[in-house]
file target20.pdb (PDB, C-alpha atoms and all ligand atoms)
ATOM      1  CA  MET A  40     -25.049   1.265   4.020
ATOM      2  CA  SER A  41     -21.919   1.531   6.123
ATOM      3  CA  GLY A  42     -19.017  -0.853   5.673
ATOM      4  CA  PRO A  43     -17.106  -2.527   8.487
ATOM      5  CA  ALA A  44     -16.658  -0.311  11.512
ATOM      6  CA  VAL A  45     -13.544   1.790  11.861
ATOM      7  CA  ARG A  46     -12.962   3.147  15.309
ATOM      8  CA  PHE A  47     -11.874   6.762  15.101
ATOM      9  CA  TYR A  48      -9.950   8.795  17.657
ATOM     10  CA  ASP A  49      -9.312  12.518  17.412
ATOM     11  CA  TYR A  50      -6.082  13.532  19.182
ATOM     12  CA  PHE A  51      -5.516  16.491  16.952
ATOM     13  CA  PRO A  52      -4.390  19.737  18.602
ATOM     14  CA  PRO A  53      -6.792  22.689  18.580
ATOM     15  CA  SER A  54      -7.356  23.893  15.035
ATOM     16  CA  ASP A  55      -5.558  27.172  15.730
ATOM     17  CA  SER A  56      -2.181  25.383  15.816
ATOM     18  CA  PHE A  57      -1.935  25.862  12.026
ATOM     19  CA  ARG A  58      -2.756  29.563  12.387
ATOM     20  CA  LEU A  59      -0.389  30.163  15.298
ATOM     21  CA  GLU A  60       2.519  28.250  13.765
ATOM     22  CA  VAL A  61       2.117  29.962  10.387
ATOM     23  CA  LEU A  62       2.077  33.431  11.962
ATOM     24  CA  GLU A  63       5.137  32.547  14.031
ATOM     25  CA  GLY A  64       6.968  31.086  11.045
ATOM     26  CA  LEU A  65       6.263  34.083   8.804
ATOM     27  CA  SER A  66       7.446  36.407  11.589
ATOM     28  CA  SER A  67      10.773  34.641  11.995
ATOM     29  CA  SER A  68      13.893  35.172   9.970
ATOM     30  CA  PRO A  69      14.461  33.273   7.747
ATOM     31  CA  LYS A  70      10.743  32.626   7.193
ATOM     32  CA  ARG A  71       9.631  29.020   7.578
ATOM     33  CA  ILE A  72       6.536  26.817   7.752
ATOM     34  CA  ALA A  73       6.688  23.187   8.939
ATOM     35  CA  PRO A  74       6.081  20.528   6.247
ATOM     36  CA  LYS A  75       3.361  18.803   8.313
ATOM     37  CA  PHE A  76       1.097  21.662   7.195
ATOM     38  CA  PHE A  77       1.269  20.536   3.548
ATOM     39  CA  TYR A  78      -1.325  17.895   4.334
ATOM     40  CA  ASP A  79      -4.766  19.418   4.195
ATOM     41  CA  THR A  80      -7.131  17.374   2.038
ATOM     42  CA  ARG A  81      -5.883  18.985  -1.181
ATOM     43  CA  GLY A  82      -2.247  18.578  -0.105
ATOM     44  CA  SER A  83      -2.749  14.902   0.694
ATOM     45  CA  GLN A  84      -4.205  14.404  -2.799
ATOM     46  CA  LEU A  85      -1.272  16.216  -4.370
ATOM     47  CA  PHE A  86       1.154  14.108  -2.367
ATOM     48  CA  GLU A  87      -0.493  10.929  -3.682
ATOM     49  CA  ALA A  88      -0.067  12.298  -7.197
ATOM     50  CA  ILE A  89       3.636  12.882  -6.446
ATOM     51  CA  CYS A  90       3.981   9.239  -5.414
ATOM     52  CA  SER A  91       3.089   8.050  -8.910
ATOM     53  CA  LEU A  92       5.333  10.510 -10.773
ATOM     54  CA  PRO A  93       8.064   8.882 -12.892
ATOM     55  CA  GLU A  94      10.752  11.039 -11.223
ATOM     56  CA  TYR A  95       9.626  10.261  -7.659
ATOM     57  CA  TYR A  96      11.534   6.984  -7.296
ATOM     58  CA  LEU A  97      10.975   6.752  -3.516
ATOM     59  CA  THR A  98       7.541   5.118  -3.637
ATOM     60  CA  ARG A  99       8.455   2.600  -6.328
ATOM     61  CA  ALA A 100      11.721   1.632  -4.636
ATOM     62  CA  GLU A 101      10.096   1.163  -1.235
ATOM     63  CA  THR A 102       7.219  -0.797  -2.779
ATOM     64  CA  GLU A 103       9.765  -3.112  -4.388
ATOM     65  CA  ILE A 104      11.499  -3.714  -1.051
ATOM     66  CA  LEU A 105       8.260  -4.392   0.834
ATOM     67  CA  THR A 106       6.981  -6.681  -1.924
ATOM     68  CA  VAL A 107      10.176  -8.733  -2.133
ATOM     69  CA  ARG A 108      10.627  -8.864   1.668
ATOM     70  CA  ALA A 109       7.012  -9.226   2.857
ATOM     71  CA  ARG A 110       7.541 -12.863   3.902
ATOM     72  CA  GLU A 111      10.875 -12.195   5.612
ATOM     73  CA  ILE A 112       9.438  -9.174   7.440
ATOM     74  CA  SER A 113       6.390 -11.155   8.563
ATOM     75  CA  ASP A 114       8.598 -13.946   9.880
ATOM     76  CA  LEU A 115      10.575 -11.417  11.931
ATOM     77  CA  ILE A 116       7.435  -9.835  13.371
ATOM     78  CA  GLY A 117       5.203 -12.869  13.827
ATOM     79  CA  PRO A 118       1.389 -12.976  13.653
ATOM     80  CA  GLY A 119      -1.014 -11.141  15.951
ATOM     81  CA  CYS A 120       0.883  -7.864  16.370
ATOM     82  CA  LEU A 121      -0.552  -4.414  16.875
ATOM     83  CA  LEU A 122       0.496  -2.647  13.660
ATOM     84  CA  ILE A 123       0.798   1.110  14.187
ATOM     85  CA  GLU A 124       1.382   3.185  11.060
ATOM     86  CA  LEU A 125       2.714   6.735  11.450
ATOM     87  CA  GLY A 126       1.668   9.120   8.673
ATOM     88  CA  SER A 127      -0.494   6.471   7.044
ATOM     89  CA  GLY A 128      -1.906   8.754   4.328
ATOM     90  CA  GLY A 129      -3.830   6.619   1.845
ATOM     91  CA  SER A 130      -2.708   3.380   3.602
ATOM     92  CA  HIS A 131      -1.379   1.998   0.310
ATOM     93  CA  LYS A 132       1.940   0.446   1.346
ATOM     94  CA  VAL A 133       0.579  -1.416   4.352
ATOM     95  CA  ARG A 134      -1.473  -3.557   1.947
ATOM     96  CA  LEU A 135       1.785  -5.161   0.847
ATOM     97  CA  LEU A 136       2.207  -6.569   4.369
ATOM     98  CA  LEU A 137      -1.262  -7.330   5.710
ATOM     99  CA  GLU A 138      -1.880 -10.768   4.178
ATOM    100  CA  ALA A 139       1.487 -12.184   5.199
ATOM    101  CA  LEU A 140       1.572 -10.409   8.555
ATOM    102  CA  GLN A 141      -1.945 -11.145   9.879
ATOM    103  CA  PRO A 142      -1.852  -8.455  12.583
ATOM    104  CA  ALA A 143      -4.376  -8.441  15.437
ATOM    105  CA  ALA A 144      -5.198  -4.804  14.666
ATOM    106  CA  TYR A 145      -4.103  -1.970  12.402
ATOM    107  CA  LEU A 146      -3.750   1.549  13.851
ATOM    108  CA  PRO A 147      -3.230   4.162  11.127
ATOM    109  CA  MET A 148      -2.256   7.623  12.406
ATOM    110  CA  ASP A 149      -2.226  10.765  10.321
ATOM    111  CA  ILE A 150      -2.549  14.537  10.604
ATOM    112  CA  SER A 151      -4.947  14.737   7.633
ATOM    113  CA  ARG A 152      -8.333  13.876   9.151
ATOM    114  CA  ASP A 153     -10.624  13.374   6.149
ATOM    115  CA  HIS A 154      -7.977  11.656   4.093
ATOM    116  CA  LEU A 155      -7.214   9.293   6.996
ATOM    117  CA  LEU A 156     -10.855   8.432   7.584
ATOM    118  CA  ARG A 157     -11.569   7.723   3.951
ATOM    119  CA  ALA A 158      -8.442   5.569   3.635
ATOM    120  CA  ALA A 159      -9.253   3.648   6.839
ATOM    121  CA  ARG A 160     -12.824   2.910   5.688
ATOM    122  CA  ARG A 161     -11.641   1.765   2.276
ATOM    123  CA  LEU A 162      -9.026  -0.514   3.801
ATOM    124  CA  SER A 163     -11.449  -1.889   6.341
ATOM    125  CA  ALA A 164     -13.903  -2.792   3.579
ATOM    126  CA  GLU A 165     -11.164  -4.665   1.712
ATOM    127  CA  TYR A 166      -9.871  -6.493   4.801
ATOM    128  CA  PRO A 167     -13.038  -7.323   6.792
ATOM    129  CA  TRP A 168     -11.083  -9.616   9.123
ATOM    130  CA  LEU A 169      -8.891  -6.722  10.257
ATOM    131  CA  GLU A 170      -9.663  -4.514  13.242
ATOM    132  CA  VAL A 171      -8.920  -0.863  12.360
ATOM    133  CA  HIS A 172      -8.408   1.991  14.843
ATOM    134  CA  ALA A 173      -7.684   5.279  13.085
ATOM    135  CA  THR A 174      -6.211   8.243  14.972
ATOM    136  CA  CYS A 175      -5.975  11.803  13.751
ATOM    137  CA  ILE A 176      -2.828  13.097  15.453
ATOM    138  CA  ASP A 177       0.185  15.353  15.040
ATOM    139  CA  TYR A 178       2.728  12.650  15.847
ATOM    140  CA  SER A 179       5.574  15.175  16.015
ATOM    141  CA  ARG A 180       3.923  16.602  19.164
ATOM    142  CA  LYS A 181       2.416  13.632  20.855
ATOM    143  CA  LEU A 182       2.558   9.881  20.473
ATOM    144  CA  ASP A 183      -0.298   8.173  22.241
ATOM    145  CA  LEU A 184      -1.913   4.863  21.501
ATOM    146  CA  PRO A 185      -5.705   5.004  21.551
ATOM    147  CA  TYR A 186      -6.010   1.247  21.863
ATOM    148  CA  CYS A 187      -3.572  -1.027  23.567
ATOM    149  CA  PRO A 188      -4.653  -4.589  24.387
ATOM    150  CA  ASN A 189      -2.309  -6.451  26.716
ATOM    151  CA  GLY A 190       0.110  -8.908  25.283
ATOM    152  CA  ALA A 191       0.138  -7.974  21.613
ATOM    153  CA  ARG A 192       3.561  -7.135  20.216
ATOM    154  CA  LYS A 193       3.660  -3.486  19.089
ATOM    155  CA  ILE A 194       5.121  -2.801  15.664
ATOM    156  CA  ALA A 195       5.508   0.712  14.275
ATOM    157  CA  PHE A 196       5.482   1.074  10.493
ATOM    158  CA  PHE A 197       6.870   4.417   9.316
ATOM    159  CA  PRO A 198       7.294   4.239   5.543
ATOM    160  CA  GLY A 199       8.049   6.805   2.855
ATOM    161  CA  SER A 200      11.094   8.432   4.484
ATOM    162  CA  SER A 201       8.853  10.842   6.360
ATOM    163  CA  ILE A 202      11.500  10.580   9.108
ATOM    164  CA  GLY A 203      13.594  12.774   6.762
ATOM    165  CA  ASN A 204      11.446  15.766   7.703
ATOM    166  CA  PHE A 205      12.980  15.813  11.198
ATOM    167  CA  GLU A 206      16.333  17.446  11.871
ATOM    168  CA  PRO A 207      18.927  14.761  12.738
ATOM    169  CA  GLU A 208      18.899  15.662  16.480
ATOM    170  CA  ASP A 209      15.094  15.708  16.521
ATOM    171  CA  THR A 210      15.133  12.337  14.785
ATOM    172  CA  VAL A 211      16.851  10.776  17.802
ATOM    173  CA  ALA A 212      14.397  12.401  20.222
ATOM    174  CA  PHE A 213      11.430  11.338  18.099
ATOM    175  CA  LEU A 214      12.650   7.744  17.703
ATOM    176  CA  ARG A 215      13.166   7.608  21.459
ATOM    177  CA  ASN A 216       9.467   8.418  21.878
ATOM    178  CA  VAL A 217       8.615   5.708  19.360
ATOM    179  CA  ALA A 218      10.750   3.199  21.275
ATOM    180  CA  GLN A 219       8.991   4.162  24.485
ATOM    181  CA  MET A 220       5.573   3.714  22.870
ATOM    182  CA  LEU A 221       6.584   0.272  21.550
ATOM    183  CA  GLN A 222       8.065  -0.896  24.856
ATOM    184  CA  ALA A 223      10.501  -3.797  25.090
ATOM    185  CA  ASN A 224       9.703  -6.511  22.564
ATOM    186  CA  GLY A 225       8.345  -3.946  20.057
ATOM    187  CA  ALA A 226       9.959  -3.166  16.725
ATOM    188  CA  LEU A 227      10.093  -0.467  14.084
ATOM    189  CA  LEU A 228       9.879  -0.964  10.317
ATOM    190  CA  ILE A 229      10.965   2.297   8.746
ATOM    191  CA  GLY A 230      11.606   3.545   5.205
ATOM    192  CA  VAL A 231      14.599   5.851   4.784
ATOM    193  CA  ASP A 232      15.694   7.500   1.551
ATOM    194  CA  LEU A 233      19.393   6.990   0.782
ATOM    195  CA  LYS A 234      22.013   9.579  -0.145
ATOM    196  CA  LYS A 235      22.621   9.506  -3.891
ATOM    197  CA  ASP A 236      23.542  11.425  -7.022
ATOM    198  CA  ALA A 237      22.217  14.987  -6.731
ATOM    199  CA  LYS A 238      20.738  14.803 -10.245
ATOM    200  CA  ILE A 239      18.362  11.981  -9.303
ATOM    201  CA  LEU A 240      17.343  13.849  -6.150
ATOM    202  CA  HIS A 241      16.866  17.098  -8.020
ATOM    203  CA  ALA A 242      14.571  15.474 -10.590
ATOM    204  CA  ALA A 243      12.476  13.802  -7.855
ATOM    205  CA  TYR A 244      11.677  17.184  -6.277
ATOM    206  CA  ASN A 245      11.415  19.170  -9.525
ATOM    207  CA  ASP A 246       9.130  16.962 -11.607
ATOM    208  CA  SER A 247       8.412  17.935 -15.189
ATOM    209  CA  ARG A 248       4.636  18.110 -14.653
ATOM    210  CA  GLY A 249       4.985  20.597 -11.821
ATOM    211  CA  VAL A 250       3.026  18.517  -9.294
ATOM    212  CA  THR A 251       5.637  19.100  -6.575
ATOM    213  CA  ALA A 252       5.435  22.838  -7.304
ATOM    214  CA  GLN A 253       1.650  22.683  -6.845
ATOM    215  CA  PHE A 254       2.118  20.688  -3.622
ATOM    216  CA  ASN A 255       4.495  23.335  -2.265
ATOM    217  CA  LEU A 256       2.362  26.300  -3.413
ATOM    218  CA  ASN A 257      -0.768  24.685  -1.919
ATOM    219  CA  LEU A 258       0.619  25.804   1.445
ATOM    220  CA  LEU A 259       0.004  29.435   0.432
ATOM    221  CA  ALA A 260      -3.409  28.523  -0.994
ATOM    222  CA  ARG A 261      -4.200  26.846   2.330
ATOM    223  CA  ILE A 262      -3.218  29.998   4.240
ATOM    224  CA  ASN A 263      -5.507  31.968   1.902
ATOM    225  CA  ARG A 264      -8.369  29.512   2.515
ATOM    226  CA  GLU A 265      -8.033  28.994   6.239
ATOM    227  CA  MET A 266      -6.652  32.268   7.591
ATOM    228  CA  GLU A 267      -7.816  34.934   5.190
ATOM    229  CA  GLY A 268      -4.430  35.207   3.545
ATOM    230  CA  ARG A 269      -3.870  37.329   0.463
ATOM    231  CA  PHE A 270      -1.004  35.454  -1.140
ATOM    232  CA  ILE A 271      -0.942  35.764  -4.931
ATOM    233  CA  LEU A 272       0.300  32.327  -5.949
ATOM    234  CA  ASP A 273       1.797  33.598  -9.217
ATOM    235  CA  ASP A 274       4.076  35.873  -7.186
ATOM    236  CA  PHE A 275       5.826  32.853  -5.644
ATOM    237  CA  GLU A 276       7.836  30.057  -7.136
ATOM    238  CA  HIS A 277       8.591  26.511  -6.042
ATOM    239  CA  SER A 278      12.275  25.903  -5.424
ATOM    240  CA  ALA A 279      13.911  22.605  -4.440
ATOM    241  CA  PHE A 280      17.600  21.718  -4.341
ATOM    242  CA  TYR A 281      19.973  19.245  -2.738
ATOM    243  CA  ASN A 282      22.052  20.758   0.045
ATOM    244  CA  GLU A 283      24.999  18.376  -0.158
ATOM    245  CA  THR A 284      26.764  19.485   3.043
ATOM    246  CA  GLN A 285      23.605  18.939   5.092
ATOM    247  CA  GLY A 286      22.544  15.824   3.170
ATOM    248  CA  ARG A 287      19.047  17.131   2.588
ATOM    249  CA  ILE A 288      16.640  18.326  -0.056
ATOM    250  CA  GLU A 289      15.397  21.804   0.804
ATOM    251  CA  MET A 290      12.115  23.146  -0.469
ATOM    252  CA  HIS A 291      11.324  26.826  -0.472
ATOM    253  CA  LEU A 292       8.726  29.231  -1.827
ATOM    254  CA  THR A 293      10.561  32.157  -3.391
ATOM    255  CA  SER A 294       9.039  35.622  -3.757
ATOM    256  CA  HIS A 295       9.391  36.943  -7.324
ATOM    257  CA  ARG A 296       9.292  40.536  -6.178
ATOM    258  CA  GLN A 297       9.354  42.818  -3.204
ATOM    259  CA  GLN A 298       5.878  42.755  -1.702
ATOM    260  CA  THR A 299       3.737  42.902   1.407
ATOM    261  CA  VAL A 300       1.239  40.129   2.012
ATOM    262  CA  GLN A 301      -1.693  40.389   4.371
ATOM    263  CA  VAL A 302      -2.582  37.305   6.437
ATOM    264  CA  GLY A 303      -5.582  37.887   8.678
ATOM    265  CA  ALA A 304      -4.836  41.073  10.580
ATOM    266  CA  GLN A 305      -1.082  40.922  10.010
ATOM    267  CA  ARG A 306       1.182  41.990   7.165
ATOM    268  CA  PHE A 307       4.429  40.339   6.130
ATOM    269  CA  GLY A 308       7.096  41.973   3.989
ATOM    270  CA  PHE A 309       9.039  39.966   1.405
ATOM    271  CA  ALA A 310      12.206  41.109  -0.325
ATOM    272  CA  ARG A 311      12.622  40.087  -3.929
ATOM    273  CA  GLY A 312      14.085  36.550  -3.899
ATOM    274  CA  GLU A 313      13.289  36.014  -0.217
ATOM    275  CA  THR A 314      12.027  32.526   0.591
ATOM    276  CA  VAL A 315       9.747  30.682   2.973
ATOM    277  CA  HIS A 316      11.547  27.460   3.881
ATOM    278  CA  THR A 317       8.857  24.773   3.758
ATOM    279  CA  GLU A 318      10.666  21.440   3.960
ATOM    280  CA  ASN A 319      13.863  19.583   4.683
ATOM    281  CA  SER A 320      14.031  16.008   3.494
ATOM    282  CA  TYR A 321      17.148  14.363   4.936
ATOM    283  CA  LYS A 322      18.839  11.461   3.169
ATOM    284  CA  TYR A 323      20.876   8.902   5.133
ATOM    285  CA  GLY A 324      23.435   6.220   4.437
ATOM    286  CA  LEU A 325      22.590   2.805   5.965
ATOM    287  CA  ASP A 326      25.178   3.093   8.751
ATOM    288  CA  GLU A 327      24.407   6.723   9.348
ATOM    289  CA  PHE A 328      20.750   5.937  10.018
ATOM    290  CA  GLN A 329      21.543   2.900  12.157
ATOM    291  CA  ASP A 330      23.746   5.094  14.354
ATOM    292  CA  LEU A 331      20.842   7.497  14.935
ATOM    293  CA  ALA A 332      18.540   4.556  15.687
ATOM    294  CA  ARG A 333      21.009   3.103  18.217
ATOM    295  CA  ARG A 334      21.214   6.449  20.003
ATOM    296  CA  ALA A 335      17.412   6.352  20.275
ATOM    297  CA  GLY A 336      17.379   2.924  21.927
ATOM    298  CA  PHE A 337      16.879   0.646  18.935
ATOM    299  CA  ARG A 338      18.915  -2.373  17.932
ATOM    300  CA  PRO A 339      19.292  -2.687  14.150
ATOM    301  CA  VAL A 340      18.265  -6.169  13.038
ATOM    302  CA  ARG A 341      18.003  -5.960   9.270
ATOM    303  CA  ALA A 342      18.283  -3.348   6.513
ATOM    304  CA  TRP A 343      17.216  -3.872   2.914
ATOM    305  CA  SER A 344      17.519  -1.752  -0.192
ATOM    306  CA  ASP A 345      15.960  -1.947  -3.646
ATOM    307  CA  SER A 346      17.686  -3.344  -6.749
ATOM    308  CA  GLN A 347      18.930   0.120  -7.753
ATOM    309  CA  GLY A 348      20.192   1.060  -4.288
ATOM    310  CA  LEU A 349      17.999   4.152  -4.067
ATOM    311  CA  PHE A 350      16.001   3.537  -0.887
ATOM    312  CA  SER A 351      16.235   1.552   2.340
ATOM    313  CA  VAL A 352      13.909  -0.161   4.782
ATOM    314  CA  HIS A 353      15.218  -0.862   8.292
ATOM    315  CA  TYR A 354      13.895  -3.340  10.822
ATOM    316  CA  LEU A 355      14.901  -2.309  14.352
ATOM    317  CA  ASN A 356      14.120  -3.840  17.730
ATOM    318  CA  ALA A 357      13.154  -1.598  20.623
ATOM    319  CA  GLU A 358      15.626  -2.329  23.413
ATOM    320  CA  SER A 359      14.358  -2.977  26.895
ATOM    321  CA  ARG A 360      15.542  -0.153  29.075
TER     322      ARG A 360
HETATM  323  C1  LIG A 401       6.576  12.557   2.688
HETATM  324  C2  LIG A 401       8.365  13.822   3.587
HETATM  325  C3  LIG A 401       8.812  11.741   2.557
HETATM  326  O1  LIG A 401      10.338  14.378   1.525
HETATM  327  O2  LIG A 401      10.058  13.122  -0.211
HETATM  328  C4  LIG A 401       7.580  14.891  -1.652
HETATM  329  C5  LIG A 401       7.419  14.852   0.934
HETATM  330  N1  LIG A 401       8.064  16.711  -0.604
HETATM  331  N2  LIG A 401       7.929  15.828  -2.551
HETATM  332  C6  LIG A 401       9.624  13.708   0.779
HETATM  333  C7  LIG A 401       7.685  15.456  -0.414
HETATM  334  C8  LIG A 401       8.196  16.914  -1.924
HETATM  335  C9  LIG A 401       8.138  13.557   1.133
HETATM  336  N3  LIG A 401       7.974  12.950   2.488
END
call {"tool": "encode", "arguments": {"input": "target20.pdb", "output": "C-alpha cells"}}
result
Amino acid sequence: MSGPAVRFYDYFPPSDSFRLEVLEGLSSSPKRIAPKFFYDTRGSQLFEAICSLPEYYLTRAETEILTVRAREISDLIGPGCLLIELGSGGSHKVRLLLEALQPAAYLPMDISRDHLLRAARRLSAEYPWLEVHATCIDYSRKLDLPYCPNGARKIAFFPGSSIGNFEPEDTVAFLRNVAQMLQANGALLIGVDLKKDAKILHAAYNDSRGVTAQFNLNLLARINREMEGRFILDDFEHSAFYNETQGRIEMHLTSHRQQTVQVGAQRFGFARGETVHTENSYKYGLDEFQDLARRAGFRPVRAWSDSQGLFSVHYLNAESR
C-alpha cells in the first residue's frame, strides 16, 4: 500500500535539453558539459557514495555544523515555515533540522526525478506529520514555487556547497533569484565549502576507491545510454585539481589518445590529452561569500564552521527591496 501522500510537480525542461546542451558543449572549444548533468539516477547514486567517502570531508563537516546548531538555527527561523530545499538529492541533511524546526511544509527540489521521488516518499513515511511537495526542476534555469500558502515564512535550504558549481558572477545572479523567491522576511541557510590546503581538496576529489572517477565518467556513459554515444570509457580519464588562482576545484575528462567519437549523428574529434571540462567547484572564505550574498540582496546574520574549519554554513536574511 502507498505511504503518506507526496505531492509531485514536474517543472523539468523538455528532455532534449540534455541532448542539446551536450552537443553544444562538445562543439565548443574548450569542450565542456555542465555538472548538473551528472545527476541521472546512476549519477545520483554515485554522488551519495561520494558523500560517505573518508576523503570527502564536506558532508561530515556540514553534518557536524547542522547537528550542533540545529536548535540555534530553529530559533532563528521559528516554527511553521515553508522549507524549500534546492538540490535535495536523498534529503538526508534536512532530517537534522526537521524535528527542531517543525516547518509547515517541506518542498524538496531536484533535477534527478526518480531519485527525488523516492527520497520524498521515504522522508514522508518517516515524518507523517510533515506536508511534502516535491518538484523536479532545473533550478539554474527557473525558480518557481509550486505551492505557496499565504503567510508562511519562506526559508531556502541549499546545503552541500552546490552553490560552488556557479561561476562567482552567476552566483550573485542566482542568489538574487533566490532572494526574490523568498521575498522580504525570508531567509537562506546555505552550505559553502571553505578555501583550504590544496592537499585536502585534492584528496576529496581524487578518492582512493575511484568513486569520484566513476561519477565523472558516468557522464560519458549517460551520453552513450541516452543519445547513442560511442564513448569508450577506458579511453578517458578522470582528472581533478585545485586551481588556486581561481579558488576552485576543476574536474575534467581527459582523452588518452587522439580519437573521433560519434554521438548520435555527429562526430567529435579529440586530440591526445584534450579534456571535457565537467565541473567547477568554487571554495570561498567567510567574508568572500558574505560579500557575494550582500550583492545579491541578502543580509548576513550568522555564519558557522565545523571544529576543523573545513566548511561553513551561512544564515542570511532576504532584504526587503
Ligand atoms: C554537489 C557540487 C557540491 O563540488 O563537491 C563531488 C559535486 N563533484 N565530487 C562538489 C562533486 C565531485 C559536489 N557538489
call {"tool": "resolve_selection", "arguments": {"input": "target20.pdb", "expression": "the PyMOL selection byres (((not hetatm)) within 7 of (chain A and resi 401))", "output": "PyMOL selection string"}}
result
chain A and resi 86+89+199-201+203-204+244+251+320
call {"tool": "residues_around", "arguments": {"input": "target20.pdb", "residues": "Gln305 in chain A", "least_positions_apart": "3", "cutoff": "10 Å", "atoms": "all atoms listed in the file", "output": "list in words"}}
result
Leu62, Ser66, Gly268, Val300, Gln301 and Val302 of chain A
call {"tool": "residues_around", "arguments": {"input": "target20.pdb", "residues": "range 283-286 of chain A", "least_positions_apart": "4", "cutoff": "10 Å", "atoms": "all atoms listed in the file", "output": "mmCIF file with C-alpha atoms, in the frame of the given file"}}
result
data_model
loop_
_atom_site.group_PDB
_atom_site.id
_atom_site.type_symbol
_atom_site.label_atom_id
_atom_site.label_comp_id
_atom_site.auth_asym_id
_atom_site.auth_seq_id
_atom_site.Cartn_x
_atom_site.Cartn_y
_atom_site.Cartn_z
ATOM 1 C CA PRO A 207 18.927 14.761 12.738
ATOM 2 C CA LEU A 233 19.393 6.990 0.782
ATOM 3 C CA LYS A 234 22.013 9.579 -0.145
ATOM 4 C CA LYS A 235 22.621 9.506 -3.891
ATOM 5 C CA ASP A 236 23.542 11.425 -7.022
ATOM 6 C CA ALA A 237 22.217 14.987 -6.731
ATOM 7 C CA ASN A 319 13.863 19.583 4.683
ATOM 8 C CA SER A 320 14.031 16.008 3.494
ATOM 9 C CA TYR A 321 17.148 14.363 4.936
ATOM 10 C CA LYS A 322 18.839 11.461 3.169
ATOM 11 C CA TYR A 323 20.876 8.902 5.133
ATOM 12 C CA GLY A 324 23.435 6.220 4.437
#
call {"tool": "resolve_selection", "arguments": {"input": "target20.pdb", "expression": "the PyMOL selection byres (((chain A and resi 325) around 12) and not hetatm)", "output": "list in words"}}
result
Ile229, Gly230, Val231, Asp232, Leu233, Lys234, Lys235, Lys322, Tyr323, Gly324, Asp326, Glu327, Phe328, Gln329, Asp330, Leu331, Ala332, Pro339, Arg341, Ala342, Trp343, Ser344, Gly348, Leu349, Phe350, Ser351, Val352, His353 and Tyr354 of chain A
call {"tool": "closest_residue", "arguments": {"input": "target20.pdb", "among": "A:Ala279, A:Val45, A:Leu105, A:Ala242", "to": "Tyr166 in chain A", "atoms": "only C-alpha atoms"}}
result
A:Val45
call {"tool": "closest_residue", "arguments": {"input": "target20.pdb", "among": "A:Tyr96, A:Phe47, A:Phe76, A:Phe254", "to": "Tyr145 in chain A", "atoms": "all atoms listed in the file"}}
result
A:Phe47
